[in-house]
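Structure data follow from entry_11.txt (compact mmCIF, C-alpha atoms):
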```txt
# COMPACT_ATOMS: atom_id res chain seq x y z
CA MET A 1 107.26 74.49 86.01
CA SER A 2 109.60 72.68 83.60
CA LYS A 3 111.81 69.80 84.72
CA ALA A 4 114.88 71.90 83.83
CA LEU A 5 113.89 74.52 86.40
CA GLN A 6 112.83 72.02 89.08
CA VAL A 7 116.33 70.59 89.53
CA PHE A 8 117.52 73.95 90.86
CA ILE A 9 114.64 74.37 93.35
CA PHE A 10 115.84 73.72 96.88
CA ASN A 11 113.42 73.10 99.75
CA THR A 12 114.36 74.77 103.05
CA HIS A 13 111.52 73.28 105.16
CA GLU A 14 114.04 71.70 107.60
CA LEU A 15 115.54 75.10 108.40
CA PRO A 16 113.78 76.87 111.31
CA ARG A 17 112.96 80.53 110.64
CA ARG A 18 114.94 81.73 113.64
CA ALA A 19 117.98 83.92 113.09
CA GLY A 20 121.16 81.94 113.72
CA GLU A 21 119.82 78.51 112.63
CA MET A 22 121.91 76.71 110.02
CA LYS A 23 121.73 73.51 107.92
CA GLU A 24 124.19 72.00 105.44
CA TYR A 25 123.33 69.87 102.42
CA GLN A 26 125.09 68.09 99.57
CA LEU A 27 123.31 68.13 96.22
CA ASP A 28 124.14 66.28 93.01
CA ILE A 29 122.36 67.76 90.00
CA ASP A 30 122.42 66.38 86.46
CA ALA A 31 122.72 69.41 84.19
CA PRO A 32 119.27 69.73 82.57
CA PHE A 33 120.86 71.49 79.57
CA ARG A 34 124.33 72.48 78.40
CA VAL A 35 125.69 75.17 80.74
CA GLY A 36 128.44 77.36 79.36
CA VAL A 37 129.70 79.54 76.55
CA PRO A 38 129.84 78.55 72.85
CA LEU A 39 133.26 76.81 72.93
CA ILE A 40 133.22 75.25 76.41
CA GLY A 41 130.56 74.15 78.87
CA ILE A 42 129.14 71.46 81.13
CA PRO A 43 127.38 68.98 78.82
CA GLU A 44 123.70 68.20 79.34
CA GLY A 45 123.33 65.32 81.81
CA ASP A 46 126.78 65.77 83.42
CA LEU A 47 127.07 66.08 87.18
CA ILE A 48 127.10 69.41 89.02
CA GLU A 49 128.01 68.93 92.70
CA ILE A 50 126.80 71.57 95.13
CA ASP A 51 127.66 71.86 98.83
CA VAL A 52 125.01 74.18 100.30
CA ARG A 53 124.85 75.94 103.66
CA CYS A 54 121.59 77.70 104.53
CA GLU A 55 121.47 80.15 107.43
CA SER A 56 118.39 81.84 108.83
CA VAL A 57 118.87 85.57 109.19
CA THR A 58 116.39 88.29 110.06
CA GLU A 59 115.69 89.27 106.43
CA GLY A 60 115.54 85.76 104.99
CA ILE A 61 117.86 82.84 104.21
CA LEU A 62 121.53 83.31 103.44
CA VAL A 63 122.63 80.60 100.99
CA THR A 64 126.32 79.85 100.59
CA ALA A 65 127.28 77.16 98.07
CA ASP A 66 130.42 75.59 96.66
CA ILE A 67 129.92 74.43 93.07
CA PHE A 68 132.04 71.71 91.41
CA ALA A 69 131.74 70.48 87.82
CA VAL A 70 133.81 69.63 84.76
CA ALA A 71 133.45 71.71 81.60
CA LEU A 72 134.35 70.25 78.19
CA GLY A 73 135.23 72.12 75.04
CA GLU A 74 137.90 72.56 72.41
CA CYS A 75 141.02 74.67 72.04
CA ILE A 76 140.50 77.68 69.77
CA ARG A 77 143.96 77.29 68.26
CA CYS A 78 144.41 73.55 67.61
CA LEU A 79 140.87 72.16 68.20
CA ASP A 80 142.13 69.59 70.74
CA PRO A 81 139.69 68.68 73.53
CA VAL A 82 139.85 70.89 76.63
CA GLU A 83 138.71 69.80 80.10
CA LEU A 84 138.37 72.46 82.79
CA ASP A 85 137.47 71.98 86.46
CA VAL A 86 134.85 74.46 87.66
CA ASP A 87 135.21 75.28 91.36
CA ARG A 88 133.16 78.32 92.37
CA LYS A 89 131.58 79.74 95.51
CA ILE A 90 128.37 81.76 95.63
CA GLN A 91 126.58 83.58 98.42
CA GLU A 92 123.06 84.96 98.01
CA LEU A 93 120.45 86.35 100.37
CA TYR A 94 116.94 85.09 99.66
CA ARG A 95 114.51 87.50 101.31
CA TYR A 96 111.29 86.36 102.91
CA GLU A 97 108.28 87.48 100.89
CA PRO A 98 106.74 90.62 102.40
CA THR A 99 103.64 90.07 104.52
CA ASP A 100 101.01 92.41 105.88
CA ASP A 101 100.07 92.81 109.56
CA LYS A 102 97.93 89.65 109.48
CA GLY A 103 100.73 87.46 108.05
CA LYS A 104 99.28 87.30 104.53
CA LYS A 105 101.43 87.94 101.47
CA SER A 106 101.64 91.63 100.82
CA LYS A 107 100.92 93.11 97.41
CA ARG A 108 103.47 95.79 98.22
CA ARG A 109 106.25 93.77 96.54
CA GLU A 110 104.44 93.84 93.21
CA GLU A 111 103.67 97.55 93.47
CA GLU A 112 107.20 98.64 94.40
CA PHE A 113 108.97 100.95 91.97
CA VAL A 114 111.47 98.96 89.97
CA ASP A 115 114.95 100.48 89.85
CA LEU A 116 116.71 99.03 86.81
CA GLU A 117 120.15 99.69 88.32
CA GLU A 118 119.38 97.66 91.46
CA GLU A 119 120.35 94.00 91.50
CA GLU A 120 117.46 91.60 91.14
CA VAL A 121 116.24 90.64 94.61
CA LEU A 122 115.85 86.90 95.26
CA TYR A 123 112.94 85.70 97.39
CA VAL A 124 112.10 82.59 99.39
CA GLU A 125 108.93 81.28 97.76
CA GLY A 126 107.02 79.40 100.44
CA GLU A 127 109.84 77.21 101.75
CA GLN A 128 111.76 76.99 98.49
CA VAL A 129 114.70 78.88 97.02
CA ASN A 130 115.55 78.79 93.32
CA LEU A 131 119.32 78.33 92.91
CA GLU A 132 119.24 78.39 89.10
CA LEU A 133 120.41 81.96 88.36
CA PRO A 134 123.23 82.14 90.93
CA ILE A 135 124.58 78.71 89.94
CA LEU A 136 124.38 79.30 86.18
CA ASP A 137 125.93 82.77 86.52
CA ALA A 138 128.81 81.41 88.62
CA ILE A 139 129.56 78.62 86.13
CA VAL A 140 129.28 80.73 82.97
CA LEU A 141 131.36 83.59 84.39
CA SER A 142 134.14 81.17 85.39
CA LEU A 143 134.58 79.78 81.86
CA PRO A 144 137.01 81.27 79.33
CA VAL A 145 135.39 82.61 76.17
CA ASN A 146 138.42 81.41 74.17
CA PRO A 147 139.62 78.15 75.79
CA LEU A 148 143.16 76.92 75.18
CA CYS A 149 144.61 73.44 75.69
CA ASP A 150 147.84 75.17 76.74
CA GLU A 151 148.85 78.84 77.02
CA ASN A 152 151.72 78.14 74.60
CA CYS A 153 149.61 76.29 72.03
CA LEU A 154 150.89 77.19 68.55
CA GLY A 155 147.74 76.12 66.71
CA LEU A 156 147.52 74.62 63.24
CA CYS A 157 149.38 75.28 59.99
CA PRO A 158 146.88 77.19 57.84
CA ASP A 159 147.99 75.38 54.68
CA CYS A 160 148.10 71.71 55.70
CA GLY A 161 146.12 71.74 58.96
CA GLU A 162 148.79 69.89 60.98
CA LYS A 163 149.66 71.00 64.52
CA TRP A 164 152.65 73.36 64.48
CA GLU A 165 154.22 71.60 67.46
CA LEU A 166 154.40 68.32 65.48
CA LEU A 167 155.95 69.93 62.39
CA PRO A 168 159.69 70.56 61.86
CA GLU A 169 160.96 74.10 62.46
CA ASP A 170 161.65 74.65 58.76
CA HIS A 171 158.13 73.60 57.74
CA GLN A 172 156.78 75.73 54.91
CA HIS A 173 154.63 75.50 51.82
CA GLU A 174 155.43 76.78 48.35
CA VAL A 175 153.45 79.93 47.83
CA ILE A 176 151.97 80.29 44.36
CA ASP A 177 150.53 83.62 43.38
CA ALA A 178 146.85 82.95 42.64
CA ARG A 179 147.05 85.13 39.53
CA TRP A 180 149.56 82.73 37.94
CA ALA A 181 148.11 79.46 39.28
CA GLY A 182 146.30 78.70 36.00
CA LEU A 183 149.63 78.55 34.12
CA THR A 184 151.12 75.72 36.19
CA GLY A 185 150.11 72.94 33.76
CA LEU A 186 151.00 74.89 30.62
CA ALA A 187 153.84 73.37 28.54
CA VAL A 188 155.89 76.04 26.79
CA GLU A 189 158.29 75.18 23.95
CA PRO A 190 161.50 77.18 23.80
CA ARG A 191 161.66 79.79 21.07
CA ASN A 192 164.14 79.29 18.24
CA GLU A 193 165.93 82.63 17.71
CA SER A 194 168.09 81.55 14.74
CA ASN A 195 165.67 83.00 12.15
```
Show me this structure written as structure tokens.
Amino acid sequence: MSKALQVFIFNTHELPRRAGEMKEYQLDIDAPFRVGVPLIGIPEGDLIEIDVRCESVTEGILVTADIFAVALGECIRCLDPVELDVDRKIQELYRYEPTDDKGKKSKRREEEFVDLEEEEVLYVEGEQVNLELPILDAIVLSLPVNPLCDENCLGLCPDCGEKWELLPEDHQHEVIDARWAGLTGLAVEPRNESN
């Protein structure tokens, strides 16, 4: 298993497998890779804080987690840096792996008909739960696809590249028709009409 995946593996060996038991944990994970969308995300190596509560239930372990991180990106209009606090909550049920009458792992899970419309079922593997998919989904789905530094950001002037908010209200550029642009340096002598 790669190091990137191992940081999201959480060991539940301290949690008794009796319905009603509960344990709380605080995890600090360094992002093993950039987590986000193209224009904004949590940089690789930045901290992701996770407050986890694990509860034993009849079917498995109910994991509730609060996720905190800071996403960095740039404004789509003016290209200024954007910093966004990520504060999400997830709740997932990790089912115990099916066993046969003798307590051995059942092959039934592998043989079950797969319904593509059903959500993917998460399982406790031994005493471990893999928090990667729920955490990554929560972070990515909380990020804007088109981040803005401010809702009222005016962006940049397309001609000079300066921020509109720093330019005077009457700012404009002389528009030269591209078809006549080649004539700008041409010196024309006035015609003498006396002949």
Do you know which residues are at most 6 Å from stretch 128-138 of chain A counting all atoms listed in the file, after dropping those on the same chain fewer than 2 positions away, and could you put them as a short mmCIF file (atom, residue, chain, number, x, y, z; two decimals) with C-alpha atoms, keeping the file's coordinate frame?
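File produced: selection-v4.cif:
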```
data_model
loop_
_atom_site.label_atom_id
_atom_site.label_comp_id
_atom_site.auth_asym_id
_atom_site.auth_seq_id
_atom_site.Cartn_x
_atom_site.Cartn_y
_atom_site.Cartn_z
CA PHE A 8 117.52 73.95 90.86
CA ILE A 9 114.64 74.37 93.35
CA PHE A 10 115.84 73.72 96.88
CA ASN A 11 113.42 73.10 99.75
CA THR A 12 114.36 74.77 103.05
CA VAL A 124 112.10 82.59 99.39
CA GLU A 125 108.93 81.28 97.76
CA GLY A 126 107.02 79.40 100.44
CA VAL A 140 129.28 80.73 82.97
CA LEU A 141 131.36 83.59 84.39
#
```
Exercise for the section: Using all atoms listed in the file, determine which residues lie at most 8 Å from stretch 59-68 of chain A, disregarding the query and same-chain residues fewer than 3 positions distant; provide the list as a PyMOL selection string. Expected result: chain A and resi 48-56+85-96+124+135
Exercise for the section: Could you check how far atom CA of A:Leu167 sits from atom CA of A:Val82, in Å to one decimal? Expected result: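 These two atoms are separated by 21.5 Å.
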Handout entry: Atom pair atom CA of A:Ala187 / atom CA of A:His173: separation (Å)
Key =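 Separation between atom CA of A:Ala187 and atom CA of A:His173: 23.4 Å.
A straight line drawn from atom CA of A:Cys157 to atom CA of A:Ala178 is 19.1 Å long.
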Practice task
Pick out the residues sitting within 12 Å of stretch 149-153 of chain A, and hand them over as a ChimeraX atom specification; count all atoms listed in the file, and ignore anything fewer than 3 positions along from it in its own chain.
Solution key: /A:40,72-84,144,146,156,163-166
Handout entry: Among the residues A:Val7, A:Asp177, A:Gly20, A:Thr58, the one that comes closest to A:Gly45 [using only C-alpha atoms]
Key =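 Using only C-alpha atoms, the shortest distance to A:Gly45 belongs to A:Val7.
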Exercise for the section: Choose the residue, out of A:Arg191, A:Glu162, A:Gly155, A:Glu127, that has the smallest atom-to-atom separation from A:Pro16; count all atoms listed in the file. Expected result: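 Among A:Arg191, A:Glu162, A:Gly155, A:Glu127, it is A:Glu127 that comes nearest to A:Pro16.
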Fill in the blank from the handout: Min atom-atom distance to A:Val57 from the set A:Val70, A:Val121, A:Arg17, A:Glu169, counting all atoms listed in the file, belongs to A:Arg17
Completion exercise
One residue among A:Leu148, A:Met22, A:Leu15, A:Leu122 is nearest to A:Leu39 when using only C-alpha atoms, and that residue is A:Leu148
